[in-house]
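Colleague: Structure: start02.txt, compact mmCIF, C-alpha atoms.
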# COMPACT_ATOMS: atom_id res chain seq x y z
CA MET A 1 177.04 96.68 160.41
CA THR A 2 175.29 95.37 157.32
CA GLY A 3 173.57 92.71 159.45
CA LEU A 4 172.21 95.37 161.84
CA THR A 5 170.92 97.46 158.96
CA ALA A 6 169.19 94.45 157.38
CA ALA A 7 167.64 93.50 160.74
CA ALA A 8 166.41 97.07 161.26
CA LEU A 9 164.87 97.19 157.78
CA ALA A 10 163.17 93.83 158.37
CA ALA A 11 161.73 95.07 161.66
CA VAL A 12 160.44 98.24 160.01
CA GLY A 13 158.85 96.14 157.26
CA VAL A 14 157.06 93.92 159.80
CA LEU A 15 155.81 96.96 161.70
CA ALA A 16 154.58 98.56 158.47
CA VAL A 17 152.59 95.46 157.55
CA GLN A 18 151.10 95.29 161.05
CA ALA A 19 150.19 98.98 160.97
CA SER A 20 148.54 98.71 157.57
CA SER A 21 146.34 95.87 158.75
CA SER A 22 145.31 97.41 162.08
CA ALA A 23 142.29 99.69 162.44
CA THR A 24 142.42 103.39 163.09
CA GLU A 25 139.44 105.27 164.49
CA VAL A 26 139.77 108.59 162.68
CA ALA A 27 141.71 109.39 159.55
CA ALA A 28 143.22 112.58 158.31
CA GLY A 29 140.36 114.96 157.73
CA GLY A 30 138.43 113.37 160.59
CA VAL A 31 136.69 110.62 158.62
CA ALA A 32 136.52 107.03 159.79
CA VAL A 33 135.04 104.43 157.51
CA SER A 34 133.95 101.04 158.71
CA THR A 35 134.98 98.40 156.21
CA ASP A 36 133.08 95.24 155.40
CA ASN A 37 135.14 93.19 157.85
CA GLY A 38 134.14 95.39 160.78
CA SER A 39 137.41 97.26 161.15
CA THR A 40 137.71 100.98 160.80
CA ALA A 41 140.33 102.26 158.44
CA PRO A 42 141.47 105.75 157.58
CA THR A 43 140.33 107.12 154.29
CA ASP A 44 139.76 110.35 152.44
CA GLY A 45 136.09 109.44 152.09
CA ALA A 46 136.64 106.81 149.41
CA SER A 47 135.27 103.37 150.05
CA HIS A 48 137.36 100.27 149.89
CA SER A 49 135.60 99.30 146.68
CA PRO A 50 137.45 100.68 143.67
CA GLY A 51 135.69 103.63 142.08
CA LYS A 52 132.98 104.07 144.75
CA LYS A 53 132.67 106.99 147.13
CA HIS A 54 130.55 107.27 150.22
CA GLU A 55 130.04 110.98 150.22
CA LEU A 56 127.50 112.64 152.47
CA PRO A 57 124.22 112.85 150.51
CA ALA A 58 123.25 116.25 149.16
CA ALA A 59 120.32 117.94 150.90
CA SER A 60 120.96 116.07 154.15
CA GLY A 61 120.67 119.12 156.36
CA SER A 62 123.28 121.12 158.19
CA GLY A 63 124.98 121.18 161.55
CA ARG A 64 125.48 118.26 163.92
CA ARG A 65 123.40 115.28 162.82
CA VAL A 66 123.13 111.61 161.98
CA VAL A 67 122.33 110.97 158.32
CA TYR A 68 120.77 107.64 157.34
CA SER A 69 120.42 106.68 153.67
CA LEU A 70 117.68 104.17 152.90
CA ARG A 71 119.12 103.31 149.47
CA GLN A 72 122.70 102.94 150.58
CA ASP A 73 121.98 101.37 154.00
CA ARG A 74 124.64 103.76 155.29
CA VAL A 75 125.00 106.16 158.21
CA TRP A 76 127.11 109.32 158.51
CA LEU A 77 127.90 111.06 161.80
CA VAL A 78 128.30 114.75 160.99
CA SER A 79 129.87 117.40 163.25
CA ASP A 80 128.61 120.93 164.00
CA ALA A 81 130.94 122.18 161.27
CA GLY A 82 129.38 119.80 158.72
CA LYS A 83 132.37 117.45 158.59
CA VAL A 84 131.79 113.71 158.39
CA ARG A 85 133.32 112.12 161.48
CA ARG A 86 132.38 108.54 160.64
CA THR A 87 130.42 106.61 158.03
CA TYR A 88 129.48 102.95 157.94
CA VAL A 89 127.07 100.38 156.50
CA VAL A 90 124.04 99.15 158.45
CA VAL A 91 121.47 96.38 158.05
CA PRO A 92 117.93 97.79 158.11
CA GLY A 93 114.90 96.20 159.73
CA THR A 94 111.78 95.39 157.75
CA VAL A 95 110.15 98.76 158.52
CA ASP A 96 111.79 101.95 157.23
CA PRO A 97 111.11 105.47 158.45
CA GLY A 98 110.08 107.94 155.77
CA PRO A 99 112.57 110.51 154.51
CA GLY A 100 112.68 113.53 156.80
CA THR A 101 114.23 114.96 159.93
CA TYR A 102 113.70 113.30 163.29
CA ASP A 103 115.13 113.72 166.77
CA VAL A 104 116.62 111.03 168.99
CA THR A 105 113.81 110.42 171.49
CA THR A 106 115.06 107.59 173.70
CA ARG A 107 118.20 105.58 174.33
CA SER A 108 118.87 102.32 176.14
CA ALA A 109 122.26 100.86 177.00
CA SER A 110 120.92 97.34 176.40
CA GLY A 111 117.76 95.39 175.67
CA THR A 112 116.27 92.79 173.37
CA GLY A 113 115.57 93.49 169.72
CA GLY A 114 112.26 92.80 168.02
CA ASP A 115 113.92 89.68 166.60
CA GLY A 116 114.74 88.39 170.11
CA VAL A 117 118.48 89.14 169.87
CA PRO A 118 120.18 90.82 172.89
CA ILE A 119 121.23 94.32 171.75
CA GLU A 120 123.19 97.31 173.06
CA HIS A 121 123.58 101.02 172.31
CA VAL A 122 119.94 101.46 171.30
CA VAL A 123 119.16 104.90 169.85
CA ARG A 124 115.50 105.39 168.87
CA PHE A 125 114.23 108.19 166.67
CA ALA A 126 110.96 107.26 164.88
CA SER A 127 107.80 105.19 164.95
CA VAL A 128 106.02 103.76 161.91
CA ASP A 129 102.62 102.10 162.46
CA ASP A 130 103.49 101.26 166.09
CA VAL A 131 106.92 99.87 165.13
CA ILE A 132 109.73 101.73 166.88
CA VAL A 133 112.67 102.57 164.60
CA GLY A 134 116.20 102.99 165.90
CA PHE A 135 119.83 101.96 165.67
CA SER A 136 121.34 99.14 167.72
CA ALA A 137 124.11 96.56 167.75
CA ALA A 138 123.76 92.88 168.63
CA ARG A 139 125.77 92.07 171.77
CA ASP A 140 127.17 88.97 170.08
CA GLY A 141 128.30 91.06 167.10
CA SER A 142 125.97 89.32 164.66
CA LEU A 143 124.08 91.08 161.91
CA PRO A 144 120.64 89.88 160.83
CA GLY A 145 120.34 87.77 157.71
CA THR A 146 117.72 88.11 155.03
CA SER A 147 114.24 88.31 156.50
CA ASP A 148 111.13 86.88 154.92
CA GLY A 149 109.35 90.09 156.00
CA SER A 150 106.78 88.30 158.18
CA GLN A 151 108.14 89.93 161.34
CA GLN A 152 108.02 93.72 161.46
CA THR A 153 111.21 95.15 162.97
CA GLY A 154 112.45 98.71 163.06
CA GLY A 155 115.92 97.90 164.32
CA ILE A 156 118.70 99.24 162.12
CA ARG A 157 121.63 96.99 163.06
CA GLU A 158 125.18 98.23 163.29
CA LYS A 159 128.45 96.52 164.01
CA ARG A 160 129.41 96.88 167.67
CA LYS A 161 132.14 99.50 167.06
CA ASP A 162 129.76 101.55 164.94
CA GLY A 163 126.99 101.22 167.52
CA ALA A 164 129.31 102.49 170.25
CA ALA A 165 130.32 105.46 168.08
CA LEU A 166 126.69 106.36 167.35
CA TRP A 167 125.79 105.93 171.06
CA ASN A 168 128.49 108.44 172.03
CA PHE A 169 127.46 110.85 169.27
CA ALA A 170 123.65 110.71 169.24
CA THR A 171 122.31 111.93 172.56
CA ILE A 172 118.66 112.86 173.17
CA ASP A 173 117.40 115.49 170.68
CA THR A 174 120.25 114.88 168.20
CA LYS A 175 118.91 115.30 164.65
CA VAL A 176 118.56 112.19 162.51
CA VAL A 177 118.07 112.99 158.83
CA VAL A 178 116.68 110.13 156.75
CA VAL A 179 117.26 110.39 153.01
CA ARG A 180 116.41 108.08 150.14
Could you quickly redo this structure as structure tokens?

Modeller:
Amino acid sequence: MTGLTAAALAAVGVLAVQASSSATEVAAGGVAVSTDNGSTAPTDGASHSPGKKHELPAASGSGRRVVYSLRQDRVWLVSDAGKVRRTYVVVPGTVDPGPGTYDVTTRSASGTGGDGVPIEHVVRFASVDDVIVGFSAARDGSLPGTSDGSQQTGGIREKRKDGAALWNFATIDTKVVVVR
């Protein structure tokens, strides 16, 4: 009997470790946070960095919307009720849209980014000096490195999971609120 109990406890321990290291799409309270390694882990809104929070910026509008922070390089997907459904880090292009409220104008399932990389889940919402600005994910999962700024790109790159979530959320005419 003792052997069975020990085996059961060991199995539960293994399952607990596996569960803690696997990703969950939406946490209690409806928030999903994409961590630096690309997984999505449940959270109460706190980041995985001690002492930091990734709260929805004040004065970012109301209702269903995508919020994009230029300073934080972060996106929030916000429901009709004003609840954050997902937040994650992005890598901006070399051209930023100005703060303000925009609408999703076009979407493409796939294409080629301004940097020549094959992309998917393209959601466009602004134009700055003839440079189209929008969210996308590289099909190979890569994120752009540091640019020397010589090439003007408006692509805001997301990890593939995050790009798929934004694609499902941000249909034509969805509000995109850009904040500093």

Colleague: Could you pull the residues within 6 Å of Gly93 in chain A, counting all atoms listed in the file, minus those fewer than 3 positions along the same chain, as a list of chain:residue names?

Modeller: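 Residues near the query, excluding close chain neighbours: A:Thr153, A:Gly154, A:Gly155, A:Ile156.
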
Colleague: Would you work out the distance separating CA of Ile132 in chain A from CA of Thr106 in chain A, expressed in Å to one decimal?

Modeller: 10.5 Å

Colleague: What separation in Å, quoted to one decimal, exists between CA of Arg71 in chain A and CA of Val179 in chain A?

Modeller: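 If I compute the distance from CA of Arg71 in chain A to CA of Val179 in chain A, I get 8.1 Å.
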
Colleague: Padding 3 Å on each side, edges along x, y and z: where is the centre of the box around the listed atoms of range 83-88 of chain A, and how long are its edges in Å to one decimal? Output it as AutoDock Vina command-line options.

Modeller:
--center_x 131.4 --center_y 110.2 --center_z 159.7 --size_x 9.8 --size_y 20.5 --size_z 9.5

Colleague: From the list A:Val95, A:Ala138, A:Val177, A:Ala164, which residue is nearest Gly63 in chain A when using all atoms listed in the file?

Modeller: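 Comparing A:Val95, A:Ala138, A:Val177, A:Ala164 against Gly63 in chain A, the winner is A:Val177.
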
Colleague: Rank nothing, just name the residue among A:Gln151, A:Thr171, A:Ser136, A:Ser127 nearest to Arg64 in chain A, using all atoms listed in the file.

Modeller: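 Of A:Gln151, A:Thr171, A:Ser136, A:Ser127, the one nearest Arg64 in chain A is A:Thr171, counting all atoms listed in the file.
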
Colleague: For range 152-167 of chain A of the structure just presented, write all heavy atoms to a file, as an mmCIF file, in the first residue's frame.

Modeller:
data_model
loop_
_atom_site.group_PDB
_atom_site.id
_atom_site.type_symbol
_atom_site.label_atom_id
_atom_site.label_comp_id
_atom_site.auth_asym_id
_atom_site.auth_seq_id
_atom_site.Cartn_x
_atom_site.Cartn_y
_atom_site.Cartn_z
ATOM 1 N N GLN A 152 12.857 52.009 -44.188
ATOM 2 C CA GLN A 152 11.650 52.418 -43.469
ATOM 3 C C GLN A 152 10.620 51.297 -43.519
ATOM 4 O O GLN A 152 10.160 50.920 -44.601
ATOM 5 C CB GLN A 152 11.092 53.688 -44.071
ATOM 6 C CG GLN A 152 12.053 54.853 -43.924
ATOM 7 C CD GLN A 152 11.329 56.126 -43.654
ATOM 8 O OE1 GLN A 152 10.309 56.405 -44.245
ATOM 9 N NE2 GLN A 152 11.855 56.907 -42.738
ATOM 10 N N THR A 153 10.283 50.765 -42.343
ATOM 11 C CA THR A 153 9.280 49.708 -42.251
ATOM 12 C C THR A 153 8.244 50.077 -41.203
ATOM 13 O O THR A 153 8.577 50.643 -40.165
ATOM 14 C CB THR A 153 9.919 48.350 -41.873
ATOM 15 O OG1 THR A 153 10.559 48.474 -40.600
ATOM 16 C CG2 THR A 153 10.945 47.911 -42.907
ATOM 17 N N GLY A 154 7.004 49.758 -41.486
ATOM 18 C CA GLY A 154 5.920 50.029 -40.556
ATOM 19 C C GLY A 154 5.372 48.768 -39.926
ATOM 20 O O GLY A 154 4.360 48.798 -39.238
ATOM 21 N N GLY A 155 6.047 47.656 -40.172
ATOM 22 C CA GLY A 155 5.591 46.379 -39.624
ATOM 23 C C GLY A 155 5.895 46.266 -38.148
ATOM 24 O O GLY A 155 7.045 46.413 -37.732
ATOM 25 N N ILE A 156 4.871 46.018 -37.354
ATOM 26 C CA ILE A 156 5.017 45.798 -35.916
ATOM 27 C C ILE A 156 4.952 44.285 -35.746
ATOM 28 O O ILE A 156 3.893 43.683 -35.908
ATOM 29 C CB ILE A 156 3.898 46.501 -35.127
ATOM 30 C CG1 ILE A 156 3.900 48.000 -35.448
ATOM 31 C CG2 ILE A 156 4.051 46.235 -33.631
ATOM 32 C CD1 ILE A 156 2.610 48.699 -35.075
ATOM 33 N N ARG A 157 6.090 43.654 -35.489
ATOM 34 C CA ARG A 157 6.173 42.194 -35.479
ATOM 35 C C ARG A 157 5.740 41.605 -34.156
ATOM 36 O O ARG A 157 6.091 42.086 -33.087
ATOM 37 C CB ARG A 157 7.594 41.727 -35.775
ATOM 38 C CG ARG A 157 7.991 41.846 -37.209
ATOM 39 C CD ARG A 157 7.262 40.846 -38.108
ATOM 40 N NE ARG A 157 7.309 41.272 -39.487
ATOM 41 C CZ ARG A 157 8.351 41.162 -40.281
ATOM 42 N NH1 ARG A 157 9.444 40.596 -39.839
ATOM 43 N NH2 ARG A 157 8.289 41.609 -41.511
ATOM 44 N N GLU A 158 4.994 40.515 -34.293
ATOM 45 C CA GLU A 158 4.488 39.763 -33.150
ATOM 46 C C GLU A 158 4.993 38.333 -33.249
ATOM 47 O O GLU A 158 5.346 37.876 -34.328
ATOM 48 C CB GLU A 158 2.958 39.703 -33.198
ATOM 49 C CG GLU A 158 2.299 41.046 -33.340
ATOM 50 C CD GLU A 158 0.859 40.932 -33.804
ATOM 51 O OE1 GLU A 158 0.618 40.414 -34.903
ATOM 52 O OE2 GLU A 158 -0.007 41.376 -33.049
ATOM 53 N N LYS A 159 4.988 37.643 -32.165
ATOM 54 C CA LYS A 159 5.224 36.204 -32.186
ATOM 55 C C LYS A 159 4.020 35.567 -32.865
ATOM 56 O O LYS A 159 2.930 36.150 -32.887
ATOM 57 C CB LYS A 159 5.424 35.686 -30.772
ATOM 58 C CG LYS A 159 6.688 36.238 -30.142
ATOM 59 C CD LYS A 159 6.822 35.846 -28.695
ATOM 60 C CE LYS A 159 8.053 36.518 -28.113
ATOM 61 N NZ LYS A 159 8.061 36.491 -26.681
ATOM 62 N N ARG A 160 4.187 34.402 -33.418
ATOM 63 C CA ARG A 160 3.125 33.774 -34.212
ATOM 64 C C ARG A 160 1.829 33.582 -33.421
ATOM 65 O O ARG A 160 0.748 33.850 -33.933
ATOM 66 C CB ARG A 160 3.604 32.448 -34.795
ATOM 67 C CG ARG A 160 4.667 32.673 -35.871
ATOM 68 C CD ARG A 160 5.038 31.414 -36.560
ATOM 69 N NE ARG A 160 4.007 31.123 -37.570
ATOM 70 C CZ ARG A 160 3.937 29.989 -38.224
ATOM 71 N NH1 ARG A 160 4.795 29.034 -37.987
ATOM 72 N NH2 ARG A 160 2.983 29.802 -39.113
ATOM 73 N N LYS A 161 1.922 33.113 -32.182
ATOM 74 C CA LYS A 161 0.712 32.915 -31.361
ATOM 75 C C LYS A 161 -0.011 34.240 -31.137
ATOM 76 O O LYS A 161 -1.231 34.313 -31.170
ATOM 77 C CB LYS A 161 1.061 32.326 -29.997
ATOM 78 C CG LYS A 161 1.302 30.867 -29.965
ATOM 79 C CD LYS A 161 1.506 30.471 -28.508
ATOM 80 C CE LYS A 161 1.956 29.060 -28.366
ATOM 81 N NZ LYS A 161 2.135 28.694 -26.966
ATOM 82 N N ASP A 162 0.764 35.283 -30.885
ATOM 83 C CA ASP A 162 0.180 36.600 -30.647
ATOM 84 C C ASP A 162 -0.436 37.150 -31.925
ATOM 85 O O ASP A 162 -1.507 37.755 -31.910
ATOM 86 C CB ASP A 162 1.238 37.555 -30.097
ATOM 87 C CG ASP A 162 1.796 37.104 -28.747
ATOM 88 O OD1 ASP A 162 1.039 36.474 -27.976
ATOM 89 O OD2 ASP A 162 2.976 37.369 -28.486
ATOM 90 N N GLY A 163 0.236 36.934 -33.056
ATOM 91 C CA GLY A 163 -0.298 37.372 -34.341
ATOM 92 C C GLY A 163 -1.617 36.692 -34.667
ATOM 93 O O GLY A 163 -2.557 37.324 -35.162
ATOM 94 N N ALA A 164 -1.724 35.406 -34.364
ATOM 95 C CA ALA A 164 -2.970 34.671 -34.598
ATOM 96 C C ALA A 164 -4.084 35.214 -33.704
ATOM 97 O O ALA A 164 -5.226 35.373 -34.135
ATOM 98 C CB ALA A 164 -2.762 33.183 -34.356
ATOM 99 N N ALA A 165 -3.750 35.530 -32.458
ATOM 100 C CA ALA A 165 -4.759 36.071 -31.533
ATOM 101 C C ALA A 165 -5.247 37.432 -32.015
ATOM 102 O O ALA A 165 -6.451 37.706 -32.018
ATOM 103 C CB ALA A 165 -4.182 36.182 -30.126
ATOM 104 N N LEU A 166 -4.326 38.293 -32.444
ATOM 105 C CA LEU A 166 -4.723 39.615 -32.939
ATOM 106 C C LEU A 166 -5.549 39.472 -34.216
ATOM 107 O O LEU A 166 -6.549 40.157 -34.397
ATOM 108 C CB LEU A 166 -3.503 40.498 -33.189
ATOM 109 C CG LEU A 166 -3.907 41.903 -33.629
ATOM 110 C CD1 LEU A 166 -3.761 42.869 -32.479
ATOM 111 C CD2 LEU A 166 -3.114 42.356 -34.806
ATOM 112 N N TRP A 167 -5.162 38.569 -35.109
ATOM 113 C CA TRP A 167 -5.883 38.319 -36.361
ATOM 114 C C TRP A 167 -7.341 37.940 -36.064
ATOM 115 O O TRP A 167 -8.264 38.438 -36.706
ATOM 116 C CB TRP A 167 -5.183 37.200 -37.124
ATOM 117 C CG TRP A 167 -5.886 36.750 -38.351
ATOM 118 C CD1 TRP A 167 -6.696 35.656 -38.470
ATOM 119 C CD2 TRP A 167 -5.861 37.367 -39.640
ATOM 120 N NE1 TRP A 167 -7.157 35.562 -39.760
ATOM 121 C CE2 TRP A 167 -6.660 36.592 -40.495
ATOM 122 C CE3 TRP A 167 -5.224 38.503 -40.140
ATOM 123 C CZ2 TRP A 167 -6.850 36.920 -41.833
ATOM 124 C CZ3 TRP A 167 -5.413 38.819 -41.476
ATOM 125 C CH2 TRP A 167 -6.219 38.033 -42.303
#
